[in-house]
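Structure file target31.pdb; described as PDB, C-alpha atoms, pLDDT in the B column.
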```
ATOM      1  CA  MET A   1       4.991  15.133  25.824  1.00 51.00           C
ATOM      2  CA  ASN A   2       2.521  14.764  28.622  1.00 59.00           C
ATOM      3  CA  ALA A   3       2.649  18.414  29.539  1.00 59.00           C
ATOM      4  CA  ASP A   4       1.799  19.362  25.993  1.00 60.00           C
ATOM      5  CA  ARG A   5      -1.043  16.977  26.056  1.00 58.00           C
ATOM      6  CA  ARG A   6      -2.527  18.590  29.137  1.00 57.00           C
ATOM      7  CA  LYS A   7      -2.469  21.947  27.483  1.00 56.00           C
ATOM      8  CA  VAL A   8      -4.114  20.748  24.372  1.00 50.00           C
ATOM      9  CA  LEU A   9      -6.755  18.952  26.353  1.00 47.00           C
ATOM     10  CA  GLN A  10      -7.552  22.087  28.281  1.00 53.00           C
ATOM     11  CA  ASN A  11      -7.909  24.035  25.105  1.00 49.00           C
ATOM     12  CA  THR A  12     -10.367  21.636  23.652  1.00 45.00           C
ATOM     13  CA  GLY A  13     -12.364  21.546  26.870  1.00 46.00           C
ATOM     14  CA  GLY A  14     -15.300  19.200  26.712  1.00 43.00           C
ATOM     15  CA  LEU A  15     -14.008  17.427  23.689  1.00 41.00           C
ATOM     16  CA  ALA A  16     -11.257  15.860  25.773  1.00 40.00           C
ATOM     17  CA  VAL A  17     -13.049  12.527  25.913  1.00 41.00           C
ATOM     18  CA  MET A  18     -12.620  11.936  22.252  1.00 41.00           C
ATOM     19  CA  GLY A  19      -9.197  13.519  22.412  1.00 39.00           C
ATOM     20  CA  LEU A  20      -9.226  15.100  19.008  1.00 37.00           C
ATOM     21  CA  ALA A  21      -6.029  16.742  20.076  1.00 36.00           C
ATOM     22  CA  ALA A  22      -4.558  13.781  21.883  1.00 39.00           C
ATOM     23  CA  SER A  23      -3.506  11.988  18.770  1.00 41.00           C
ATOM     24  CA  ALA A  24      -1.291  14.886  17.812  1.00 41.00           C
ATOM     25  CA  GLY A  25       1.175  14.279  20.615  1.00 39.00           C
ATOM     26  CA  LEU A  26       0.868  10.551  20.860  1.00 40.00           C
ATOM     27  CA  PHE A  27       1.843   9.652  17.359  1.00 41.00           C
ATOM     28  CA  GLY A  28       5.344  10.855  18.199  1.00 38.00           C
ATOM     29  CA  PRO A  29       8.448   8.720  18.465  1.00 39.00           C
ATOM     30  CA  ALA A  30       7.119   5.227  17.918  1.00 38.00           C
ATOM     31  CA  THR A  31       6.045   5.862  14.346  1.00 36.00           C
ATOM     32  CA  ALA A  32       9.604   6.189  13.128  1.00 37.00           C
ATOM     33  CA  ALA A  33       9.872   2.390  12.897  1.00 36.00           C
ATOM     34  CA  ALA A  34       8.002   1.902   9.659  1.00 37.00           C
ATOM     35  CA  ASP A  35       9.510   4.431   7.355  1.00 47.00           C
ATOM     36  CA  GLU A  36       7.278   3.677   4.421  1.00 64.00           C
ATOM     37  CA  TRP A  37       4.204   4.393   6.485  1.00 76.00           C
ATOM     38  CA  ASN A  38       2.540   7.539   5.217  1.00 80.00           C
ATOM     39  CA  LYS A  39       2.686   9.491   8.435  1.00 81.00           C
ATOM     40  CA  ALA A  40       1.643  12.742   6.839  1.00 80.00           C
ATOM     41  CA  ALA A  41      -1.633  11.292   5.658  1.00 85.00           C
ATOM     42  CA  PHE A  42      -2.362   9.452   8.879  1.00 85.00           C
ATOM     43  CA  SER A  43      -1.728  12.430  11.141  1.00 82.00           C
ATOM     44  CA  THR A  44      -3.918  14.927   9.326  1.00 79.00           C
ATOM     45  CA  LYS A  45      -6.967  15.922  11.272  1.00 76.00           C
ATOM     46  CA  ASN A  46      -9.581  16.941   8.802  1.00 80.00           C
ATOM     47  CA  LEU A  47     -10.871  15.414   5.658  1.00 85.00           C
ATOM     48  CA  ALA A  48      -9.576  17.976   3.190  1.00 84.00           C
ATOM     49  CA  ASP A  49      -6.028  17.730   4.530  1.00 86.00           C
ATOM     50  CA  THR A  50      -6.096  13.964   4.454  1.00 88.00           C
ATOM     51  CA  VAL A  51      -7.287  13.840   0.891  1.00 89.00           C
ATOM     52  CA  LYS A  52      -4.591  16.325   0.003  1.00 86.00           C
ATOM     53  CA  ALA A  53      -1.899  14.263   1.736  1.00 87.00           C
ATOM     54  CA  LEU A  54      -2.967  11.266  -0.303  1.00 89.00           C
ATOM     55  CA  GLY A  55      -2.732  13.337  -3.442  1.00 86.00           C
ATOM     56  CA  GLY A  56      -6.432  13.027  -4.121  1.00 84.00           C
ATOM     57  CA  SER A  57      -7.489  16.654  -4.289  1.00 85.00           C
ATOM     58  CA  GLY A  58      -9.988  17.203  -7.016  1.00 85.00           C
ATOM     59  CA  ALA A  59     -11.275  13.642  -6.889  1.00 88.00           C
ATOM     60  CA  THR A  60     -14.520  13.095  -8.736  1.00 91.00           C
ATOM     61  CA  GLU A  61     -17.487  11.266  -7.325  1.00 92.00           C
ATOM     62  CA  SER A  62     -18.043   7.927  -8.957  1.00 92.00           C
ATOM     63  CA  LYS A  63     -20.779   5.334  -8.817  1.00 92.00           C
ATOM     64  CA  ASP A  64     -18.217   2.691  -9.636  1.00 93.00           C
ATOM     65  CA  VAL A  65     -16.827   2.923  -6.138  1.00 94.00           C
ATOM     66  CA  VAL A  66     -19.052   1.090  -3.725  1.00 94.00           C
ATOM     67  CA  ILE A  67     -19.040   1.124   0.066  1.00 95.00           C
ATOM     68  CA  THR A  68     -20.850  -1.782   1.648  1.00 94.00           C
ATOM     69  CA  SER A  69     -21.461  -1.304   5.343  1.00 93.00           C
ATOM     70  CA  PRO A  70     -24.282  -1.184   7.821  1.00 92.00           C
ATOM     71  CA  ASP A  71     -26.219   2.102   7.756  1.00 92.00           C
ATOM     72  CA  ILE A  72     -26.424   2.012  11.512  1.00 91.00           C
ATOM     73  CA  ALA A  73     -23.552   0.548  13.482  1.00 90.00           C
ATOM     74  CA  GLU A  74     -24.464  -0.438  16.996  1.00 85.00           C
ATOM     75  CA  ASN A  75     -20.911  -0.788  18.119  1.00 87.00           C
ATOM     76  CA  GLY A  76     -18.533   1.852  16.802  1.00 87.00           C
ATOM     77  CA  ALA A  77     -15.511  -0.226  17.827  1.00 89.00           C
ATOM     78  CA  VAL A  78     -16.162  -2.720  15.077  1.00 92.00           C
ATOM     79  CA  VAL A  79     -17.776  -1.409  11.924  1.00 93.00           C
ATOM     80  CA  PRO A  80     -17.369  -3.722   8.945  1.00 93.00           C
ATOM     81  CA  PHE A  81     -16.664  -2.132   5.587  1.00 95.00           C
ATOM     82  CA  THR A  82     -16.313  -3.568   2.146  1.00 95.00           C
ATOM     83  CA  ILE A  83     -15.053  -1.195  -0.474  1.00 95.00           C
ATOM     84  CA  SER A  84     -14.968  -2.227  -4.052  1.00 94.00           C
ATOM     85  CA  SER A  85     -14.193  -0.454  -7.245  1.00 94.00           C
ATOM     86  CA  ARG A  86     -15.332  -1.299 -10.741  1.00 93.00           C
ATOM     87  CA  LEU A  87     -12.981   1.234 -12.224  1.00 93.00           C
ATOM     88  CA  PRO A  88     -10.352  -0.251 -14.508  1.00 91.00           C
ATOM     89  CA  LYS A  89      -6.753  -0.141 -13.278  1.00 91.00           C
ATOM     90  CA  THR A  90      -7.617   0.516  -9.671  1.00 93.00           C
ATOM     91  CA  GLU A  91      -4.350   1.158  -7.875  1.00 93.00           C
ATOM     92  CA  SER A  92      -5.320   2.001  -4.353  1.00 93.00           C
ATOM     93  CA  ILE A  93      -8.295   2.174  -2.048  1.00 94.00           C
ATOM     94  CA  ALA A  94      -8.371   4.420   1.009  1.00 94.00           C
ATOM     95  CA  LEU A  95     -11.011   4.453   3.695  1.00 94.00           C
ATOM     96  CA  LEU A  96     -11.639   7.726   5.491  1.00 93.00           C
ATOM     97  CA  VAL A  97     -13.907   8.424   8.422  1.00 93.00           C
ATOM     98  CA  GLU A  98     -14.599  12.131   8.538  1.00 90.00           C
ATOM     99  CA  LYS A  99     -15.167  12.580  12.255  1.00 89.00           C
ATOM    100  CA  ASN A 100     -12.463  10.280  13.583  1.00 88.00           C
ATOM    101  CA  PRO A 101      -9.485  11.980  15.267  1.00 87.00           C
ATOM    102  CA  ALA A 102      -7.458  11.140  12.187  1.00 88.00           C
ATOM    103  CA  ALA A 103      -9.664  10.741   9.162  1.00 89.00           C
ATOM    104  CA  LEU A 104      -7.599   8.147   7.340  1.00 92.00           C
ATOM    105  CA  ALA A 105      -8.306   4.646   8.631  1.00 93.00           C
ATOM    106  CA  ALA A 106      -6.613   2.480   6.048  1.00 94.00           C
ATOM    107  CA  ASN A 107      -5.002   2.724   2.662  1.00 94.00           C
ATOM    108  CA  PHE A 108      -4.720  -0.386   0.521  1.00 94.00           C
ATOM    109  CA  SER A 109      -2.656  -0.661  -2.581  1.00 94.00           C
ATOM    110  CA  ILE A 110      -3.974  -3.065  -5.154  1.00 93.00           C
ATOM    111  CA  PRO A 111      -1.442  -4.660  -7.496  1.00 93.00           C
ATOM    112  CA  ASP A 112      -2.385  -6.112 -10.892  1.00 90.00           C
ATOM    113  CA  GLY A 113      -4.295  -9.349 -10.588  1.00 89.00           C
ATOM    114  CA  THR A 114      -5.852  -8.513  -7.260  1.00 93.00           C
ATOM    115  CA  GLU A 115      -9.535  -7.764  -7.227  1.00 93.00           C
ATOM    116  CA  ALA A 116     -10.287  -4.138  -6.399  1.00 93.00           C
ATOM    117  CA  GLY A 117     -12.244  -4.924  -3.296  1.00 93.00           C
ATOM    118  CA  VAL A 118     -11.240  -5.209   0.337  1.00 95.00           C
ATOM    119  CA  THR A 119     -13.116  -5.946   3.509  1.00 95.00           C
ATOM    120  CA  THR A 120     -11.984  -4.802   6.911  1.00 95.00           C
ATOM    121  CA  ARG A 121     -13.316  -3.481  10.178  1.00 94.00           C
ATOM    122  CA  VAL A 122     -12.670  -0.046  11.600  1.00 94.00           C
ATOM    123  CA  LYS A 123     -13.489   2.024  14.663  1.00 92.00           C
ATOM    124  CA  MET A 124     -15.783   4.995  14.434  1.00 91.00           C
ATOM    125  CA  GLY A 125     -15.958   7.547  17.217  1.00 87.00           C
ATOM    126  CA  GLN A 126     -19.371   8.842  16.255  1.00 89.00           C
ATOM    127  CA  THR A 127     -21.848   9.084  13.436  1.00 92.00           C
ATOM    128  CA  SER A 128     -19.892  10.253  10.476  1.00 92.00           C
ATOM    129  CA  LYS A 129     -19.552  10.436   6.776  1.00 93.00           C
ATOM    130  CA  VAL A 130     -17.320   7.683   5.430  1.00 94.00           C
ATOM    131  CA  ILE A 131     -15.419   8.205   2.242  1.00 93.00           C
ATOM    132  CA  ALA A 132     -13.788   5.682  -0.016  1.00 94.00           C
ATOM    133  CA  LEU A 133     -11.078   7.278  -2.100  1.00 94.00           C
ATOM    134  CA  VAL A 134      -9.944   5.205  -5.033  1.00 94.00           C
ATOM    135  CA  LYS A 135      -7.042   5.842  -7.321  1.00 93.00           C
ATOM    136  CA  ALA A 136      -7.553   4.337 -10.740  1.00 93.00           C
ATOM    137  CA  ASP A 137      -5.402   4.900 -13.796  1.00 91.00           C
ATOM    138  CA  GLY A 138      -3.745   7.885 -12.126  1.00 89.00           C
ATOM    139  CA  LYS A 139      -6.998   9.641 -11.243  1.00 92.00           C
ATOM    140  CA  PHE A 140      -8.880   9.830  -7.984  1.00 94.00           C
ATOM    141  CA  TYR A 141     -12.523   8.930  -7.489  1.00 94.00           C
ATOM    142  CA  TYR A 142     -14.574   8.809  -4.357  1.00 93.00           C
ATOM    143  CA  THR A 143     -17.865   7.835  -2.946  1.00 94.00           C
ATOM    144  CA  ALA A 144     -19.313   8.859   0.406  1.00 94.00           C
ATOM    145  CA  LYS A 145     -21.778   7.339   2.782  1.00 94.00           C
ATOM    146  CA  GLU A 146     -23.206   8.343   6.136  1.00 94.00           C
ATOM    147  CA  VAL A 147     -22.916   5.714   8.844  1.00 94.00           C
ATOM    148  CA  LYS A 148     -24.745   6.194  12.130  1.00 92.00           C
ATOM    149  CA  VAL A 149     -23.057   5.000  15.284  1.00 90.00           C
ATOM    150  CA  THR A 150     -25.062   4.371  18.408  1.00 86.00           C
ATOM    151  CA  LEU A 151     -22.098   3.552  20.665  1.00 72.00           C
ATOM    152  CA  GLY A 152     -18.743   5.168  19.953  1.00 62.00           C
ATOM    153  CA  GLY A 153     -15.629   3.106  19.534  1.00 60.00           C
ATOM    154  CA  CYS A 154     -12.985   5.436  20.876  1.00 58.00           C
ATOM    155  CA  GLY A 155     -14.024   5.775  24.510  1.00 54.00           C
ATOM    156  CA  GLY A 156     -12.555   3.828  27.362  1.00 43.00           C
TER     157      GLY A 156
ATOM    158  CA  MET B   1       5.452 -12.193  20.816  1.00 53.00           C
ATOM    159  CA  ALA B   2       2.185 -11.656  19.181  1.00 73.00           C
ATOM    160  CA  ASP B   3      -0.271 -14.462  18.687  1.00 85.00           C
ATOM    161  CA  PRO B   4      -0.465 -16.117  15.286  1.00 90.00           C
ATOM    162  CA  MET B   5      -2.796 -14.857  12.628  1.00 93.00           C
ATOM    163  CA  LYS B   6      -5.616 -16.956  11.355  1.00 95.00           C
ATOM    164  CA  ILE B   7      -5.380 -17.071   7.620  1.00 95.00           C
ATOM    165  CA  ARG B   8      -7.779 -18.833   5.342  1.00 95.00           C
ATOM    166  CA  ALA B   9      -7.172 -18.947   1.627  1.00 95.00           C
ATOM    167  CA  ARG B  10      -9.502 -20.806  -0.654  1.00 94.00           C
ATOM    168  CA  MET B  11     -10.590 -20.830  -4.239  1.00 94.00           C
ATOM    169  CA  ALA B  12     -13.641 -18.725  -5.074  1.00 92.00           C
ATOM    170  CA  GLY B  13     -14.275 -19.349  -8.752  1.00 91.00           C
ATOM    171  CA  ASP B  14     -10.991 -18.693 -10.522  1.00 92.00           C
ATOM    172  CA  LYS B  15      -9.732 -16.402  -7.788  1.00 94.00           C
ATOM    173  CA  VAL B  16      -8.248 -17.016  -4.399  1.00 95.00           C
ATOM    174  CA  GLU B  17     -10.149 -15.503  -1.530  1.00 95.00           C
ATOM    175  CA  VAL B  18      -7.970 -14.679   1.447  1.00 96.00           C
ATOM    176  CA  LYS B  19      -9.335 -13.938   4.888  1.00 96.00           C
ATOM    177  CA  VAL B  20      -7.009 -12.877   7.652  1.00 96.00           C
ATOM    178  CA  LEU B  21      -7.714 -12.382  11.309  1.00 96.00           C
ATOM    179  CA  MET B  22      -4.847 -10.821  13.210  1.00 95.00           C
ATOM    180  CA  ALA B  23      -4.444 -10.784  16.946  1.00 93.00           C
ATOM    181  CA  HIS B  24      -3.501  -7.259  17.910  1.00 92.00           C
ATOM    182  CA  ASP B  25      -4.706  -4.730  20.466  1.00 91.00           C
ATOM    183  CA  MET B  26      -4.764  -1.819  18.038  1.00 91.00           C
ATOM    184  CA  GLU B  27      -4.534   0.768  20.818  1.00 90.00           C
ATOM    185  CA  THR B  28      -5.372   4.179  19.459  1.00 88.00           C
ATOM    186  CA  GLY B  29      -3.370   6.117  22.017  1.00 86.00           C
ATOM    187  CA  GLN B  30      -6.515   7.971  23.007  1.00 86.00           C
ATOM    188  CA  ARG B  31      -7.754   5.800  25.814  1.00 87.00           C
ATOM    189  CA  LYS B  32      -6.790   6.208  29.441  1.00 86.00           C
ATOM    190  CA  ASP B  33      -6.245   3.600  32.115  1.00 85.00           C
ATOM    191  CA  SER B  34      -7.996   3.665  35.480  1.00 87.00           C
ATOM    192  CA  LYS B  35      -5.441   6.155  36.839  1.00 88.00           C
ATOM    193  CA  GLY B  36      -6.054   8.558  34.000  1.00 85.00           C
ATOM    194  CA  ASN B  37      -2.764   7.880  32.263  1.00 88.00           C
ATOM    195  CA  ALA B  38      -2.942   7.659  28.535  1.00 88.00           C
ATOM    196  CA  ILE B  39      -2.394   4.189  27.124  1.00 88.00           C
ATOM    197  CA  PRO B  40       0.266   4.512  24.454  1.00 90.00           C
ATOM    198  CA  ALA B  41      -0.717   3.891  20.875  1.00 90.00           C
ATOM    199  CA  HIS B  42       0.095   0.422  19.613  1.00 92.00           C
ATOM    200  CA  PHE B  43      -1.278  -0.550  16.263  1.00 93.00           C
ATOM    201  CA  ILE B  44      -0.446  -2.329  13.032  1.00 94.00           C
ATOM    202  CA  GLN B  45       0.893   0.079  10.479  1.00 93.00           C
ATOM    203  CA  HIS B  46       1.714  -2.058   7.547  1.00 94.00           C
ATOM    204  CA  VAL B  47       0.306  -5.288   6.173  1.00 95.00           C
ATOM    205  CA  THR B  48       1.647  -7.145   3.181  1.00 95.00           C
ATOM    206  CA  ALA B  49       0.254 -10.285   1.597  1.00 96.00           C
ATOM    207  CA  THR B  50       2.296 -12.250  -0.906  1.00 95.00           C
ATOM    208  CA  HIS B  51       1.561 -15.213  -3.139  1.00 94.00           C
ATOM    209  CA  ASN B  52       4.563 -17.100  -4.572  1.00 90.00           C
ATOM    210  CA  GLY B  53       6.748 -14.136  -3.677  1.00 88.00           C
ATOM    211  CA  LYS B  54       4.537 -11.642  -5.494  1.00 92.00           C
ATOM    212  CA  VAL B  55       2.781  -8.978  -3.468  1.00 94.00           C
ATOM    213  CA  VAL B  56      -0.974  -9.360  -3.867  1.00 95.00           C
ATOM    214  CA  LEU B  57      -2.027  -6.710  -1.376  1.00 95.00           C
ATOM    215  CA  SER B  58      -0.314  -4.158   0.776  1.00 94.00           C
ATOM    216  CA  ALA B  59      -1.964  -1.805   3.183  1.00 94.00           C
ATOM    217  CA  ASP B  60      -1.119   1.101   5.454  1.00 94.00           C
ATOM    218  CA  TRP B  61      -3.274   1.219   8.525  1.00 93.00           C
ATOM    219  CA  GLY B  62      -3.958   3.839  11.115  1.00 91.00           C
ATOM    220  CA  PRO B  63      -5.103   3.238  14.674  1.00 92.00           C
ATOM    221  CA  ALA B  64      -8.711   3.435  13.501  1.00 92.00           C
ATOM    222  CA  VAL B  65      -8.654  -0.159  12.331  1.00 94.00           C
ATOM    223  CA  SER B  66     -10.508  -2.325  14.841  1.00 93.00           C
ATOM    224  CA  LYS B  67      -8.919  -4.464  17.497  1.00 93.00           C
ATOM    225  CA  ASN B  68      -7.986  -7.922  16.204  1.00 93.00           C
ATOM    226  CA  PRO B  69      -8.173  -6.697  12.636  1.00 94.00           C
ATOM    227  CA  PHE B  70      -9.948  -8.589   9.931  1.00 95.00           C
ATOM    228  CA  LEU B  71      -9.004  -8.328   6.309  1.00 96.00           C
ATOM    229  CA  SER B  72     -10.378 -10.022   3.258  1.00 96.00           C
ATOM    230  CA  PHE B  73      -9.514  -9.722  -0.418  1.00 95.00           C
ATOM    231  CA  LYS B  74      -9.311 -11.762  -3.623  1.00 95.00           C
ATOM    232  CA  PHE B  75      -6.565 -12.191  -6.148  1.00 95.00           C
ATOM    233  CA  ALA B  76      -6.219 -14.007  -9.457  1.00 94.00           C
ATOM    234  CA  GLY B  77      -3.593 -16.481 -10.572  1.00 92.00           C
ATOM    235  CA  GLY B  78      -3.547 -18.758  -7.556  1.00 92.00           C
ATOM    236  CA  LYS B  79      -4.283 -22.463  -7.401  1.00 92.00           C
ATOM    237  CA  PRO B  80      -4.896 -24.987  -4.620  1.00 94.00           C
ATOM    238  CA  GLY B  81      -1.727 -25.859  -2.777  1.00 93.00           C
ATOM    239  CA  ASP B  82      -0.118 -22.460  -3.284  1.00 94.00           C
ATOM    240  CA  LYS B  83       1.176 -20.595  -0.276  1.00 94.00           C
ATOM    241  CA  VAL B  84      -0.117 -17.235   0.817  1.00 95.00           C
ATOM    242  CA  THR B  85       2.010 -15.292   3.279  1.00 96.00           C
ATOM    243  CA  VAL B  86       0.843 -12.350   5.350  1.00 96.00           C
ATOM    244  CA  THR B  87       3.150 -10.066   7.321  1.00 95.00           C
ATOM    245  CA  TRP B  88       2.299  -7.181   9.569  1.00 94.00           C
ATOM    246  CA  THR B  89       4.480  -4.594  11.253  1.00 94.00           C
ATOM    247  CA  ASP B  90       3.262  -2.413  14.093  1.00 92.00           C
ATOM    248  CA  ASN B  91       4.361   0.999  15.289  1.00 91.00           C
ATOM    249  CA  ASN B  92       6.702  -0.538  17.877  1.00 92.00           C
ATOM    250  CA  GLY B  93       8.539  -2.421  15.172  1.00 90.00           C
ATOM    251  CA  GLU B  94       7.044  -5.782  16.130  1.00 91.00           C
ATOM    252  CA  LYS B  95       6.540  -8.125  13.242  1.00 93.00           C
ATOM    253  CA  ARG B  96       4.609 -11.260  12.593  1.00 94.00           C
ATOM    254  CA  THR B  97       4.483 -13.457   9.518  1.00 95.00           C
ATOM    255  CA  ASP B  98       2.147 -16.368   8.940  1.00 95.00           C
ATOM    256  CA  GLU B  99       1.479 -18.620   6.035  1.00 94.00           C
ATOM    257  CA  ALA B 100      -1.503 -20.528   4.716  1.00 95.00           C
ATOM    258  CA  THR B 101      -2.061 -23.003   1.920  1.00 95.00           C
ATOM    259  CA  VAL B 102      -4.750 -22.311  -0.659  1.00 95.00           C
ATOM    260  CA  GLN B 103      -7.598 -24.796  -0.295  1.00 93.00           C
ATOM    261  CA  SER B 104      -9.729 -25.894  -3.203  1.00 86.00           C
TER     262      SER B 104
END
```
As structure tokens, please, write out the structure in this file.
Amino acid sequence: MNADRRKVLQNTGGLAVMGLAASAGLFGPATAAADEWNKAAFSTKNLADTVKALGGSGATESKDVVITSPDIAENGAVVPFTISSRLPKTESIALLVEKNPAALAANFSIPDGTEAGVTTRVKMGQTSKVIALVKADGKFYYTAKEVKVTLGGCGG
Amino acid sequence: MADPMKIRARMAGDKVEVKVLMAHDMETGQRKDSKGNAIPAHFIQHVTATHNGKVVLSADWGPAVSKNPFLSFKFAGGKPGDKVTVTWTDNNGEKRTDEATVQS
């Protein structure tokens, strides 16, 4: 696995720090443990693929999906997000960070009786568009927001 | 064994507000140690919260969730004294379950 990694890193040259490619090899064997985990969606690299893996292609923008977060995050390692949906029958809420190595950060499924709103904290490698993808009554809706990051959260 | 979670569940109007703080490194697999070796990914993949045996929230997480993850949500139908249980599973198969009582 390591040899592959080297190659990929060379190919991406200067980008190696963020290791866009690194995640490809490293997800490998360990992920087999949780079989229900949606590996396909979590290992996609770009936004369009991720949305597709979640089944949300053709999602419509909606004002009823709200992202609450700082506009400027000083520390990309801990960026608080609250995503809420006013859409009836909200089934799931996914949080995507466009420029992270893997766009999908988290995917929540909301059963009946649970308020369609979750708060969590995610890492952001750099300033990026953040998308909340909500599935409600079988349809997908999204809202997007740009969040500026002054100090990336993926270095080390 | 992983450290216990901090779970707080209390009534907020007619709903129960649950706040969970988990102790987990959430390694992305993209960092390197001082010798330049990659630190293997180690992160929580699945979180489930139940109330009286009924799932009130489940989540799939990627490594992009912050270290020592925080999660907060609200659900209806709970009352003070009820138990809320939260379980996480990480990519190495480690598991941790903790329980909290709903406060008024």
*List the neighbours of A:Asp49 out to 12 Å using all atoms listed in the file; skip same-chain residues closer than 3 positions along the sequence, and give me the result as number ranges by chain.*
A: 40-46, 52-57, 96, 98, 102-104
Generate a file of the selected residues that holds C-alpha atoms, formatted as a short mmCIF file (atom, residue, chain, number, x, y, z; two decimals), in the frame of the given file.
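Okay, out-v6.cif is ready:
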```
data_model
loop_
_atom_site.label_atom_id
_atom_site.label_comp_id
_atom_site.auth_asym_id
_atom_site.auth_seq_id
_atom_site.Cartn_x
_atom_site.Cartn_y
_atom_site.Cartn_z
CA ALA A 40 1.64 12.74 6.84
CA ALA A 41 -1.63 11.29 5.66
CA PHE A 42 -2.36 9.45 8.88
CA SER A 43 -1.73 12.43 11.14
CA THR A 44 -3.92 14.93 9.33
CA LYS A 45 -6.97 15.92 11.27
CA ASN A 46 -9.58 16.94 8.80
CA LYS A 52 -4.59 16.32 0.00
CA ALA A 53 -1.90 14.26 1.74
CA LEU A 54 -2.97 11.27 -0.30
CA GLY A 55 -2.73 13.34 -3.44
CA GLY A 56 -6.43 13.03 -4.12
CA SER A 57 -7.49 16.65 -4.29
CA LEU A 96 -11.64 7.73 5.49
CA GLU A 98 -14.60 12.13 8.54
CA ALA A 102 -7.46 11.14 12.19
CA ALA A 103 -9.66 10.74 9.16
CA LEU A 104 -7.60 8.15 7.34
#
```
*Tell me the residues of chain B close to chain A, meaning within 10 Å using all atoms listed in the file, as number ranges by chain.*
B: 15-17, 19-21, 27-34, 37-43, 45-48, 54-78, 89-94
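Here atom CA of B:Trp88 and atom CA of A:Ala132 stand 22.7 Å from one another.
Among the candidates B:Ile44, B:Ala12, B:Ala23, B:Ala49, the residue lying nearest to B:Thr87 is B:Ala49 (atoms considered: only C-alpha atoms).
When all atoms listed in the file are used to compute distances to A:Glu74, the closest of the residues A:Val149, A:Gly58, A:Arg86, A:Ser128 turns out to be A:Val149.
Taking atom CA of A:Lys89 and atom CA of A:Ile67 as the two end points, the separation is 18.2 Å.
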*atom CA of A:Leu87 to atom CA of B:Met22, distance in Å rounded to a single decimal*: 29.3 Å
Would you pull stretch 22-39 of chain B out of the block just shown and save C-alpha atoms as a PDB file, in the first residue's frame?
```pdb
ATOM      1  CA  MET B  22     -17.175  11.588  22.366  1.00  0.00           C
ATOM      2  CA  ALA B  23     -13.544  10.996  23.134  1.00  0.00           C
ATOM      3  CA  HIS B  24     -11.919   9.852  19.925  1.00  0.00           C
ATOM      4  CA  ASP B  25      -8.825  10.814  17.957  1.00  0.00           C
ATOM      5  CA  MET B  26     -10.581  10.868  14.598  1.00  0.00           C
ATOM      6  CA  GLU B  27      -7.338  10.385  12.667  1.00  0.00           C
ATOM      7  CA  THR B  28      -7.900  11.140   9.021  1.00  0.00           C
ATOM      8  CA  GLY B  29      -5.115   8.929   7.733  1.00  0.00           C
ATOM      9  CA  GLN B  30      -3.575  11.936   6.031  1.00  0.00           C
ATOM     10  CA  ARG B  31      -1.218  13.124   8.707  1.00  0.00           C
ATOM     11  CA  LYS B  32       2.351  11.961   9.107  1.00  0.00           C
ATOM     12  CA  ASP B  33       4.381  11.396  12.237  1.00  0.00           C
ATOM     13  CA  SER B  34       7.783  12.970  12.831  1.00  0.00           C
ATOM     14  CA  LYS B  35       9.481  10.243  10.768  1.00  0.00           C
ATOM     15  CA  GLY B  36       7.250  10.893   7.800  1.00  0.00           C
ATOM     16  CA  ASN B  37       5.219   7.728   8.199  1.00  0.00           C
ATOM     17  CA  ALA B  38       1.544   8.104   7.621  1.00  0.00           C
ATOM     18  CA  ILE B  39      -0.592   7.781  10.729  1.00  0.00           C
TER      19      ILE B  39
END
```
